[in-house]
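Structure first, then comments.
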Amino acid sequence: MNMRLRICGLTVVLSLLAAGVAAQDKKHEAQLRTVRGVVADKSDNLLSGSVVFLKNVRTNSVRSSYTDDTGSYRFSGLDPNADYELHAEKEGSKSQTRTVSSFDSRKDIVLNLKIDKKKN
């Protein structure tokens, strides 16, 4: 009987630890940021298939993503304590570089990018 009590006690302790870790993960996840927006040309035509580059200024790591059929892009799980630079490229043309500051407290940041297409 004593062994069953120990097992039950251990099970309760492990369950509480698991719940605490899950709550901590959710809290950390809630602090992460998302940057999203659309890529368009100067005439506001949405540009699908553009490549959006996101650079973590502190680590110099770069992530990239293609815009979807609606010209939309999205980067999630971003460190709120890091600064980022992002720009879009398509067919040899590039948007201006935009920055996301660690001082910006928003969790969901919308940055729309404009590409000035080169004339042939």
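Chain labels follow the order of the structure tokens: the first chain is A, the next B, and so on; residue numbering restarts at 1 in every chain, and ligands are counted from 1 in their shown order.
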### Task
Name all residues at most 12 Å from A:Ile109 (count only C-alpha atoms; drop same-chain ones fewer than 6 positions away) and give them as an MDAnalysis selection string.
chainID A and resid 32:38 73:76 78 80 84 98:102
#### Entry: Contacts of A:Asp68 at 10 Å (only C-alpha atoms; same-chain gap of 5+ positions) as a PyMOL selection string
chain A and resi 38-39+46-51+73-74
Output for the residues just chosen: C-alpha atoms as a CSV table (one decimal), in the first residue's frame:
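Here's the written file again13.csv:
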```
chain,number,residue,atom,x,y,z
A,38,VAL,CA,1.4,42.8,-48.1
A,39,VAL,CA,3.8,43.6,-51.0
A,46,LEU,CA,-0.5,43.2,-55.0
A,47,LEU,CA,2.6,41.2,-55.9
A,48,SER,CA,2.4,37.4,-55.3
A,49,GLY,CA,5.6,35.5,-55.5
A,50,SER,CA,7.7,38.3,-54.1
A,51,VAL,CA,10.5,37.3,-51.6
A,73,TYR,CA,3.6,37.6,-46.0
A,74,ARG,CA,4.0,36.7,-42.4
```
### d(atom CA of A:Ser43, atom CA of A:Ser65) in Å
22.5 Å
### Task
Give me, please, the distance in Å between atom CA of A:Thr59 and atom CA of A:Gly71, quoted to one decimal.
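Answer for the atom CA of A:Thr59 to atom CA of A:Gly71 separation: 27.7 Å.
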#### Entry: Of the listed residues A:Glu91, A:Glu85, A:Asp69, A:Asp108, that which approaches A:Lys55 most closely, counting only C-alpha atoms
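When distances to A:Lys55 are compared using only C-alpha atoms, the smallest one comes from A:Glu85.
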### Message
I'd like to know which of A:Val62, A:Val52, A:Ala82, A:Ala40 is closest to A:Asn112, using only C-alpha atoms.
### Response
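Of A:Val62, A:Val52, A:Ala82, A:Ala40, the one nearest A:Asn112, counting only C-alpha atoms, is A:Ala40.
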